[in-house]
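With mmCIF, C-alpha atoms inside, this is protein37.cif:
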```
data_target
loop_
_atom_site.label_atom_id
_atom_site.label_comp_id
_atom_site.auth_asym_id
_atom_site.auth_seq_id
_atom_site.Cartn_x
_atom_site.Cartn_y
_atom_site.Cartn_z
CA MET A 1 -30.96 -32.83 18.10
CA THR A 2 -27.25 -32.04 17.70
CA THR A 3 -25.43 -33.93 14.97
CA ALA A 4 -22.00 -35.50 15.47
CA LYS A 5 -20.48 -32.76 13.32
CA GLY A 6 -22.28 -30.17 15.46
CA LYS A 7 -20.55 -31.58 18.53
CA ARG A 8 -17.11 -31.74 16.91
CA ARG A 9 -16.63 -28.00 16.97
CA ILE A 10 -15.48 -24.94 18.87
CA THR A 11 -18.29 -22.79 20.26
CA HIS A 12 -16.17 -20.32 22.22
CA VAL A 13 -12.64 -19.03 21.66
CA THR A 14 -10.50 -16.63 23.65
CA LEU A 15 -7.00 -15.29 23.23
CA ASP A 16 -4.76 -14.70 26.20
CA GLU A 17 -5.14 -10.96 26.71
CA ARG A 18 -1.67 -10.83 28.29
CA SER A 19 -0.29 -11.90 24.92
CA VAL A 20 -2.51 -9.71 22.77
CA VAL A 21 -2.06 -6.00 22.31
CA ARG A 22 -4.21 -3.65 20.28
CA HIS A 23 -2.90 -3.31 16.77
CA LYS A 24 -3.49 -1.49 13.58
CA PRO A 25 -7.13 -1.51 12.47
CA GLU A 26 -6.34 -4.04 9.72
CA VAL A 27 -4.98 -6.55 12.25
CA GLU A 28 -7.90 -6.03 14.62
CA HIS A 29 -10.26 -6.58 11.69
CA GLU A 30 -8.48 -9.84 10.73
CA ARG A 31 -8.73 -11.01 14.35
CA ALA A 32 -12.45 -10.22 14.59
CA VAL A 33 -13.24 -11.85 11.25
CA ALA A 34 -11.22 -14.98 12.12
CA ILE A 35 -13.08 -15.40 15.41
CA PHE A 36 -16.48 -14.77 13.83
CA ASP A 37 -15.82 -17.16 10.93
CA LEU A 38 -14.34 -19.79 13.25
CA LEU A 39 -17.38 -19.81 15.49
CA GLU A 40 -19.76 -19.87 12.53
CA ASP A 41 -18.23 -22.92 10.86
CA ASN A 42 -15.49 -25.21 12.13
CA GLU A 43 -14.56 -28.85 12.56
CA PHE A 44 -12.43 -29.49 15.65
CA CYS A 45 -12.08 -32.61 17.77
CA PRO A 46 -9.38 -33.75 20.20
CA CYS A 47 -8.28 -37.28 19.24
CA ASP A 48 -7.63 -38.81 22.67
CA PHE A 49 -11.11 -38.34 24.10
CA THR A 50 -14.28 -40.32 23.55
CA GLU A 51 -16.58 -37.54 24.64
CA ASP A 52 -17.91 -35.17 22.04
CA GLY A 53 -17.86 -31.39 22.26
CA PRO A 54 -18.68 -28.75 21.61
CA TYR A 55 -15.47 -27.24 22.93
CA HIS A 56 -14.16 -23.99 24.31
CA LEU A 57 -10.63 -23.05 23.22
CA HIS A 58 -8.24 -20.67 24.91
CA LEU A 59 -5.07 -19.80 22.95
CA SER A 60 -1.97 -18.39 24.57
CA ILE A 61 1.81 -18.31 24.41
CA GLU A 62 3.70 -19.51 27.48
CA ASP A 63 7.44 -20.12 27.72
CA ASN A 64 7.88 -20.05 23.92
CA ARG A 65 5.09 -22.57 23.47
CA LEU A 66 1.77 -22.17 21.77
CA VAL A 67 -0.89 -23.40 24.20
CA PHE A 68 -4.22 -24.88 23.16
CA ASP A 69 -6.30 -25.06 26.34
CA ILE A 70 -9.27 -27.18 25.26
CA ARG A 71 -12.27 -27.18 27.57
CA ARG A 72 -15.70 -28.74 27.67
CA GLU A 73 -18.75 -26.63 27.02
CA ASP A 74 -19.18 -26.12 30.79
CA ASN A 75 -15.60 -24.72 30.76
CA SER A 76 -14.14 -27.65 32.73
CA GLU A 77 -10.67 -28.78 31.64
CA LEU A 78 -10.37 -31.39 28.91
CA ASP A 79 -6.88 -31.15 27.44
CA ARG A 80 -3.94 -28.78 27.22
CA LEU A 81 -1.70 -29.09 24.18
CA MET A 82 1.59 -27.27 23.82
CA LEU A 83 3.54 -26.78 20.61
CA PRO A 84 6.98 -25.21 20.28
CA ILE A 85 6.48 -21.78 18.77
CA THR A 86 9.86 -21.61 17.05
CA GLY A 87 8.61 -23.42 13.95
CA PHE A 88 5.87 -20.85 13.45
CA ARG A 89 7.98 -17.71 13.93
CA SER A 90 9.48 -17.59 10.47
CA ILE A 91 6.23 -18.13 8.61
CA VAL A 92 4.37 -15.67 10.85
CA ARG A 93 7.08 -13.04 10.28
CA ASP A 94 6.91 -13.58 6.50
CA TYR A 95 3.12 -13.52 6.61
CA PHE A 96 3.07 -10.16 8.39
CA LEU A 97 5.63 -8.69 6.00
CA ILE A 98 3.51 -9.64 3.02
CA CYS A 99 0.38 -8.37 4.79
CA GLU A 100 2.06 -4.99 5.27
CA SER A 101 2.87 -4.95 1.55
CA TYR A 102 -0.72 -5.91 0.76
CA TYR A 103 -2.22 -3.13 2.90
CA ALA A 104 0.18 -0.60 1.37
CA ALA A 105 -0.61 -1.87 -2.14
CA ILE A 106 -4.34 -1.41 -1.59
CA LYS A 107 -3.70 2.30 -1.16
CA ARG A 108 -1.43 2.90 -4.16
CA SER A 109 -1.03 -0.07 -6.52
CA THR A 110 -2.79 -1.37 -9.58
CA PRO A 111 -5.34 -4.18 -9.27
CA SER A 112 -2.95 -6.68 -10.87
CA GLN A 113 -0.20 -5.78 -8.37
CA ILE A 114 -2.64 -6.13 -5.48
CA GLU A 115 -3.79 -9.49 -6.81
CA ALA A 116 -0.21 -10.77 -7.09
CA ILE A 117 0.59 -9.78 -3.51
CA ASP A 118 -2.70 -11.25 -2.29
CA MET A 119 -1.89 -14.58 -3.96
CA GLY A 120 1.41 -14.67 -2.08
CA ARG A 121 -0.35 -13.73 1.14
CA ARG A 122 -2.90 -16.53 0.73
CA GLY A 123 -0.12 -18.99 -0.12
CA LEU A 124 1.79 -18.20 3.08
CA HIS A 125 -1.44 -18.39 5.06
CA ASN A 126 -2.17 -21.83 3.62
CA GLU A 127 1.38 -22.94 4.41
CA GLY A 128 1.00 -21.85 8.03
CA SER A 129 -2.39 -23.55 8.27
CA GLU A 130 -1.01 -26.82 6.93
CA MET A 131 1.93 -26.59 9.34
CA LEU A 132 -0.56 -26.22 12.19
CA ARG A 133 -2.53 -29.25 11.05
CA GLU A 134 0.68 -31.30 10.74
CA ARG A 135 1.87 -30.30 14.23
CA LEU A 136 -1.51 -31.20 15.74
CA ALA A 137 -1.91 -34.46 13.77
CA GLY A 138 -2.86 -37.28 16.12
CA LYS A 139 -3.85 -34.76 18.78
CA VAL A 140 -6.64 -32.72 17.17
CA GLU A 141 -8.60 -33.32 14.00
CA MET A 142 -9.62 -30.20 12.12
CA ASP A 143 -10.54 -29.16 8.62
CA LEU A 144 -8.45 -26.73 6.56
CA GLN A 145 -10.78 -23.75 7.12
CA THR A 146 -10.58 -24.21 10.89
CA ALA A 147 -6.78 -24.42 10.66
CA ARG A 148 -6.72 -21.23 8.54
CA ARG A 149 -8.74 -19.29 11.10
CA LEU A 150 -6.67 -20.63 14.00
CA PHE A 151 -3.48 -19.69 12.14
CA THR A 152 -4.76 -16.12 11.88
CA LEU A 153 -5.30 -16.06 15.64
CA ILE A 154 -1.83 -17.52 16.22
CA CYS A 155 -0.42 -14.67 14.14
CA VAL A 156 -2.24 -12.16 16.35
CA LEU A 157 -0.70 -13.80 19.44
CA HIS A 158 2.77 -13.34 17.95
CA ILE A 159 2.47 -9.55 17.92
CA ARG A 160 3.44 -8.22 21.29
CA GLY A 161 3.84 -4.68 22.42
#
```
Rewrite the structure of this file - the entire thing - as structure tokens.
Amino acid sequence: MTTAKGKRRITHVTLDERSVVRHKPEVEHERAVAIFDLLEDNEFCPCDFTEDGPYHLHLSIEDNRLVFDIRREDNSELDRLMLPITGFRSIVRDYFLICESYYAAIKRSTPSQIEAIDMGRRGLHNEGSEMLRERLAGKVEMDLQTARRLFTLICVLHIRG
């Protein structure tokens, strides 16, 4: 028997391959970990629908909008949400700058310097995750960990070749 929480979740996620390019190994690792962790444990439920999931989610960027294509488990359409991407650009840019500093620090800095940069990195990540939850309020309910993993995937979509 599937519990209500077990139905209020994402069981499949894809990123628009037209938007995604192959990146540095660190970015590819972050992408893979975010997808794995998201599928292992998440709470996600569109607000305007009475039917439970689980859901499939396809993320893409179209016409400067972040697109959440939410589908039923059989992959039939359920909802398509679009958010302006402009509000995310600044925080994503800052997040990637601090990530670059973090990856460089791992190679040549002291543990206390690495820890300080990592705290800033996590803070920006949390800020982006909360922004995502606020922008989707009333449209999709999700827990903070789900928002964090989705924010990571949104960051990956922002990097284009």
For this session: Find, counting all atoms listed in the file, the residue in A:Ile117, A:Leu15, A:Cys47, A:Leu124 that gets nearest to A:Ile91.
Result: A:Leu124
Problem set entry | Output check: residues returned by the PyMOL selection byres ((chain A and resi 30) around 12), as a list in words |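 On the file shown, the PyMOL selection byres ((chain A and resi 30) around 12) covers His23, Lys24, Pro25, Glu26, Val27, Glu28, His29, Arg31, Ala32, Val33, Ala34, Ile35, Phe36, Asp37, Leu38, Phe96, Cys99, Arg148, Arg149, Leu150, Phe151, Thr152, Leu153, Ile154, Cys155 and Val156 of chain A.
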For this session: Select, from A:Val13, A:Met142, A:Leu157, A:Ile70, the residue with the minimum atom-to-atom distance to A:Glu43, counting all atoms listed in the file.
Result: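 Of A:Val13, A:Met142, A:Leu157, A:Ile70, the one nearest A:Glu43, counting all atoms listed in the file, is A:Met142.
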For this session: Check the smallest atom-to-atom distance from each of A:Gly128, A:Pro111, A:Pro46, A:Gly123 to A:Leu81 using all atoms listed in the file, then report the winner.
Result: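 With all atoms listed in the file as the atom set, the closest residue is A:Pro46.
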For this session: Measuring atom to atom with all atoms listed in the file, identify which of A:Arg89, A:Arg121, A:Glu127, A:Leu144 is nearest to A:Tyr103.
Result: A:Arg121
Problem set entry | Hits of the PyMOL selection byres ((chain A and resi 56-61) around 8) in this structure, as a ChimeraX atom specification | /A:10-16,19,54-55,62-73,75,154,157
Just to be explicit: take each residue in the selection above, keep C-alpha atoms, and write the result as a compact mmCIF listing (two decimals), in the frame of the given file.
```
# COMPACT_ATOMS: atom_id res chain seq x y z
CA ILE A 10 -15.48 -24.94 18.87
CA THR A 11 -18.29 -22.79 20.26
CA HIS A 12 -16.17 -20.32 22.22
CA VAL A 13 -12.64 -19.03 21.66
CA THR A 14 -10.50 -16.63 23.65
CA LEU A 15 -7.00 -15.29 23.23
CA ASP A 16 -4.76 -14.70 26.20
CA SER A 19 -0.29 -11.90 24.92
CA PRO A 54 -18.68 -28.75 21.61
CA TYR A 55 -15.47 -27.24 22.93
CA GLU A 62 3.70 -19.51 27.48
CA ASP A 63 7.44 -20.12 27.72
CA ASN A 64 7.88 -20.05 23.92
CA ARG A 65 5.09 -22.57 23.47
CA LEU A 66 1.77 -22.17 21.77
CA VAL A 67 -0.89 -23.40 24.20
CA PHE A 68 -4.22 -24.88 23.16
CA ASP A 69 -6.30 -25.06 26.34
CA ILE A 70 -9.27 -27.18 25.26
CA ARG A 71 -12.27 -27.18 27.57
CA ARG A 72 -15.70 -28.74 27.67
CA GLU A 73 -18.75 -26.63 27.02
CA ASN A 75 -15.60 -24.72 30.76
CA ILE A 154 -1.83 -17.52 16.22
CA LEU A 157 -0.70 -13.80 19.44
```
Exercise. Where does the PyMOL selection byres ((chain A and resi 136) around 10) land in this file, that is, which residues does it pick, as a list in words?
Worked result: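 Output of the PyMOL selection byres ((chain A and resi 136) around 10): Pro46, Cys47, Leu81, Met82, Leu83, Glu130, Met131, Leu132, Arg133, Glu134, Arg135, Ala137, Gly138, Lys139, Val140, Glu141, Met142 and Ala147 of chain A.
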Seminar exercise, completed: A straight line from atom CA of A:Phe88 to atom CA of A:Gln113 spans 27.2 Å
